[in-house]
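Below is one structure, written out as structure tokens, with a few remarks after it.
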Amino acid sequence: MDARIDFFGNSLAGKVLKHINSANKAVHDSTLPVTTQELVKIRASQINGCGFCTDMHTKDAAAAGETQLRLNLVAAWREAEVFTEAERAALELAEQGSRIADAAGGVTDEAWAGAAEHYDEDQLAALISLIAVINAYNRINVINRQPAGDYQPGQFG
């Protein structure tokens with residue numbers, strides 16, 4: 001599979017990515033745990049069928065010390081006992097936030113309350129922003145048919 005355009009080499013796309021990357025950096029630098037951030041990025045990318053981002057974030061998480069067992073079970077997190085209650089609440093919010101079109105009401109009050117039990121207001125703002133940012137990255141890569149598999153951990157900084 002080849003990308004439809006060289007998105008990473010296109011000057012207009014570079015301007016767009018600069019802003020998305022700045023938003024991602026703000027989230028990364030927040031107090032939302034980095035482990036939670038990677039789990040959310042992986043799950044949203046799985047839902048959206050973004051091989052490029054799934055490849056990137058599983059490799060980055062592994063390089064940061066995440067276990068293969070937990071990486072293998074992200075897609076089945078509800079049945080897996082390897083995630084904390086806080087991580088489970090973040091994954092639920094990520095799923096509902098990524099599947100807005102599948103639910104007429106968007107994110108449920110129950111999912112929000114679950115996340116609010118474990119995260120303070122700044123962390124919730126980071127979590128909402130992270131879900132929005134990873135969904136933007138996913139859409140860019142899926143629309144462009146960005147190939148997956150060649151990413152090296154830390155490749156983009």
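Each chain in the structure tokens gets a letter, A, B and so on, in the order shown; residues start at 1 in every chain, and ligands are counted from 1 in the order they appear.
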Counting only C-alpha atoms, what are the residues of segment 79-122 of chain A within 8 Å of segment 129-134 of chain A, and for each of them which pair of atoms is the nearest and at what distance in Å, to one decimal? Sort the table by chain and rising number, as JSON lines.
```
{"residue": "A:Ala94", "atom": "CA", "partner": "A:Ile131", "partner_atom": "CA", "distance": 5.9}
{"residue": "A:Gly97", "atom": "CA", "partner": "A:Ile131", "partner_atom": "CA", "distance": 6.7}
{"residue": "A:Ser98", "atom": "CA", "partner": "A:Ile131", "partner_atom": "CA", "distance": 7.1}
```
Would you save the residues of that selection, restricted to all heavy atoms, as a PDB file, in the first residue's frame?
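As a result, part-v3.pdb now contains:
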```
ATOM      1  N   ALA A  94     -12.402   7.221  25.791  1.00  0.00           N
ATOM      2  CA  ALA A  94     -11.782   7.226  24.462  1.00  0.00           C
ATOM      3  C   ALA A  94     -12.659   6.495  23.449  1.00  0.00           C
ATOM      4  O   ALA A  94     -12.826   6.968  22.317  1.00  0.00           O
ATOM      5  CB  ALA A  94     -10.399   6.583  24.516  1.00  0.00           C
ATOM      6  N   GLY A  97     -15.786   8.656  22.877  1.00  0.00           N
ATOM      7  CA  GLY A  97     -15.400   9.883  22.189  1.00  0.00           C
ATOM      8  C   GLY A  97     -14.973   9.654  20.753  1.00  0.00           C
ATOM      9  O   GLY A  97     -15.055  10.561  19.921  1.00  0.00           O
ATOM     10  N   SER A  98     -14.508   8.450  20.460  1.00  0.00           N
ATOM     11  CA  SER A  98     -14.108   8.103  19.098  1.00  0.00           C
ATOM     12  C   SER A  98     -15.281   7.594  18.267  1.00  0.00           C
ATOM     13  O   SER A  98     -15.231   7.633  17.043  1.00  0.00           O
ATOM     14  CB  SER A  98     -13.006   7.036  19.117  1.00  0.00           C
ATOM     15  OG  SER A  98     -11.852   7.548  19.729  1.00  0.00           O
TER      16      SER A  98
END
```
query: Any idea what's packed within 10 Å of Leu91 of chain A, counting only C-alpha atoms, ignoring anything in its chain fewer than 5 positions away? Could you give it as a list in words?
result: Thr36, Gln37, Leu39, Val40, Lys41, Ile42, Arg43, Ala44, Val74, Ala75, Trp77, Arg78, Phe83, Glu85, Ala86, Gln96, Gly97, Ala111, Ala115 and Ile131 of chain A
Kindly save the residues from that selection, with C-alpha atoms included, as a PDB file, in the first residue's frame.
```
ATOM      1  CA  THR A  36      -2.820   6.382  30.087  1.00  0.00           C
ATOM      2  CA  GLN A  37      -2.086   8.654  27.142  1.00  0.00           C
ATOM      3  CA  LEU A  39      -3.375   3.389  25.983  1.00  0.00           C
ATOM      4  CA  VAL A  40      -5.947   5.952  24.818  1.00  0.00           C
ATOM      5  CA  LYS A  41      -4.026   6.598  21.589  1.00  0.00           C
ATOM      6  CA  ILE A  42      -3.765   2.877  20.889  1.00  0.00           C
ATOM      7  CA  ARG A  43      -7.444   2.187  21.536  1.00  0.00           C
ATOM      8  CA  ALA A  44      -8.723   5.117  19.466  1.00  0.00           C
ATOM      9  CA  VAL A  74      -5.933  -3.061  24.810  1.00  0.00           C
ATOM     10  CA  ALA A  75      -8.559  -4.084  22.236  1.00  0.00           C
ATOM     11  CA  TRP A  77      -9.701  -4.094  27.866  1.00  0.00           C
ATOM     12  CA  ARG A  78     -13.172  -4.786  29.302  1.00  0.00           C
ATOM     13  CA  PHE A  83      -5.712  -2.297  33.604  1.00  0.00           C
ATOM     14  CA  GLU A  85      -9.835   1.430  37.177  1.00  0.00           C
ATOM     15  CA  ALA A  86      -8.523   4.847  36.103  1.00  0.00           C
ATOM     16  CA  GLN A  96     -17.207   6.721  23.302  1.00  0.00           C
ATOM     17  CA  GLY A  97     -15.400   9.883  22.189  1.00  0.00           C
ATOM     18  CA  ALA A 111     -18.573   7.363  31.093  1.00  0.00           C
ATOM     19  CA  ALA A 115     -13.421   9.420  34.266  1.00  0.00           C
ATOM     20  CA  ILE A 131      -9.055  11.977  22.264  1.00  0.00           C
TER      21      ILE A 131
END
```
Mind checking which residues fall within 10 Å of Gln155 of chain A, counting only C-alpha atoms, ignoring those fewer than 2 positions away in the same chain, and posting them as a compact mmCIF listing (two decimals) with all heavy atoms, in the first residue's frame?
```txt
# COMPACT_ATOMS: atom_id res chain seq x y z
N MET A 56 2.68 3.04 15.60
CA MET A 56 3.48 4.04 16.31
C MET A 56 3.29 3.95 17.82
O MET A 56 4.27 3.87 18.58
CB MET A 56 3.09 5.46 15.86
CG MET A 56 3.80 6.55 16.65
SD MET A 56 3.15 8.21 16.35
CE MET A 56 3.52 8.41 14.63
N ASP A 60 5.92 2.92 20.68
CA ASP A 60 6.35 3.92 21.65
C ASP A 60 6.06 3.46 23.08
O ASP A 60 6.87 3.65 23.98
CB ASP A 60 5.68 5.27 21.39
CG ASP A 60 6.30 6.04 20.24
OD1 ASP A 60 7.41 5.67 19.78
OD2 ASP A 60 5.67 7.02 19.79
N TYR A 151 7.48 2.34 11.38
CA TYR A 151 7.77 3.34 12.41
C TYR A 151 8.83 2.83 13.39
O TYR A 151 8.81 1.67 13.79
CB TYR A 151 6.47 3.68 13.19
CG TYR A 151 6.72 4.67 14.31
CD1 TYR A 151 6.85 6.01 14.07
CD2 TYR A 151 6.83 4.21 15.62
CE1 TYR A 151 7.10 6.91 15.09
CE2 TYR A 151 7.08 5.10 16.66
CZ TYR A 151 7.21 6.45 16.38
OH TYR A 151 7.45 7.33 17.41
N GLN A 152 9.73 3.71 13.76
CA GLN A 152 10.74 3.42 14.77
C GLN A 152 10.44 4.28 16.00
O GLN A 152 10.17 5.47 15.87
CB GLN A 152 12.15 3.77 14.24
CG GLN A 152 12.56 2.97 13.03
CD GLN A 152 12.63 1.48 13.32
OE1 GLN A 152 13.19 1.06 14.32
NE2 GLN A 152 12.04 0.68 12.44
N PRO A 153 10.48 3.70 17.21
CA PRO A 153 10.15 4.46 18.41
C PRO A 153 10.94 5.78 18.49
O PRO A 153 12.15 5.80 18.24
CB PRO A 153 10.53 3.52 19.55
CG PRO A 153 10.35 2.15 18.96
CD PRO A 153 10.80 2.31 17.51
N GLY A 157 10.34 12.51 17.35
CA GLY A 157 10.79 13.40 18.42
C GLY A 157 10.41 13.00 19.77
O GLY A 157 9.94 12.10 20.22
```
field: Of the listed residues A:Phe7, A:Tyr119, A:Tyr137, A:Phe156, that which approaches Ala23 of chain A most closely, counting only C-alpha atoms
entry: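 Closest to Ala23 of chain A of all the choices is A:Tyr137.
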Test item, helix (DSSP H, G or I) assignment across segment 15-153 of chain A, answer as a VMD selection string: chain A and resid 15 to 28 34 to 47 51 to 63 68 to 76 85 to 98 100 to 102 109 to 118 121 to 144
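Near Ile140 of chain A, within 12 Å and counting only C-alpha atoms, sit Ala3, Arg4, Ile5, Asp6, Phe7, Phe8, Ala13, Val16, Leu17, Ile20, Ser45, Asn48, Gly49, Cys50, Gly51, Phe52, Cys53, Val133, Ile134, Asn135, Ala136, Tyr137, Asn138, Val142, Ile143, Asn144, Arg145, Gln146 and Pro147 of chain A; same-chain residues fewer than 2 positions away were not included.
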Report as a PDB file with C-alpha atoms, in the first residue's frame all protein, DNA and RNA residues lying within 9 Å of Asp122 of chain A, evaluated on only C-alpha atoms, omitting residues in the same chain fewer than 4 positions from it.
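Output saved as selection25.pdb:
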```
ATOM      1  CA  SER A  30       0.094  17.636  31.259  1.00  0.00           C
ATOM      2  CA  THR A  31      -0.337  15.632  34.460  1.00  0.00           C
ATOM      3  CA  LEU A  32      -2.367  12.964  32.646  1.00  0.00           C
ATOM      4  CA  ALA A 126      -6.037  16.742  28.697  1.00  0.00           C
ATOM      5  CA  LEU A 127      -8.006  13.534  28.160  1.00  0.00           C
TER       6      LEU A 127
END
```
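Coordinates place atom CA of Gly65 of chain A at a distance of 19.6 Å from atom CA of Gly149 of chain A.
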task: Considering only C-alpha atoms, state which residue in the set A:Asp29, A:Glu79, A:Glu92, A:Glu117 is at the smallest distance from Ile47 of chain A.
output: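 Using only C-alpha atoms, the shortest distance to Ile47 of chain A belongs to A:Glu92.
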- prompt: Which one is closest to Glu87 of chain A: A:Ile100, A:Val34, A:Val107, A:Ile128? Count only C-alpha atoms.
  reply: A:Val34
message: Rounded to one decimal, what separation in Å do you get between atom CA of Ala62 of chain A and atom CA of His28 of chain A?
response: 16.8 Å
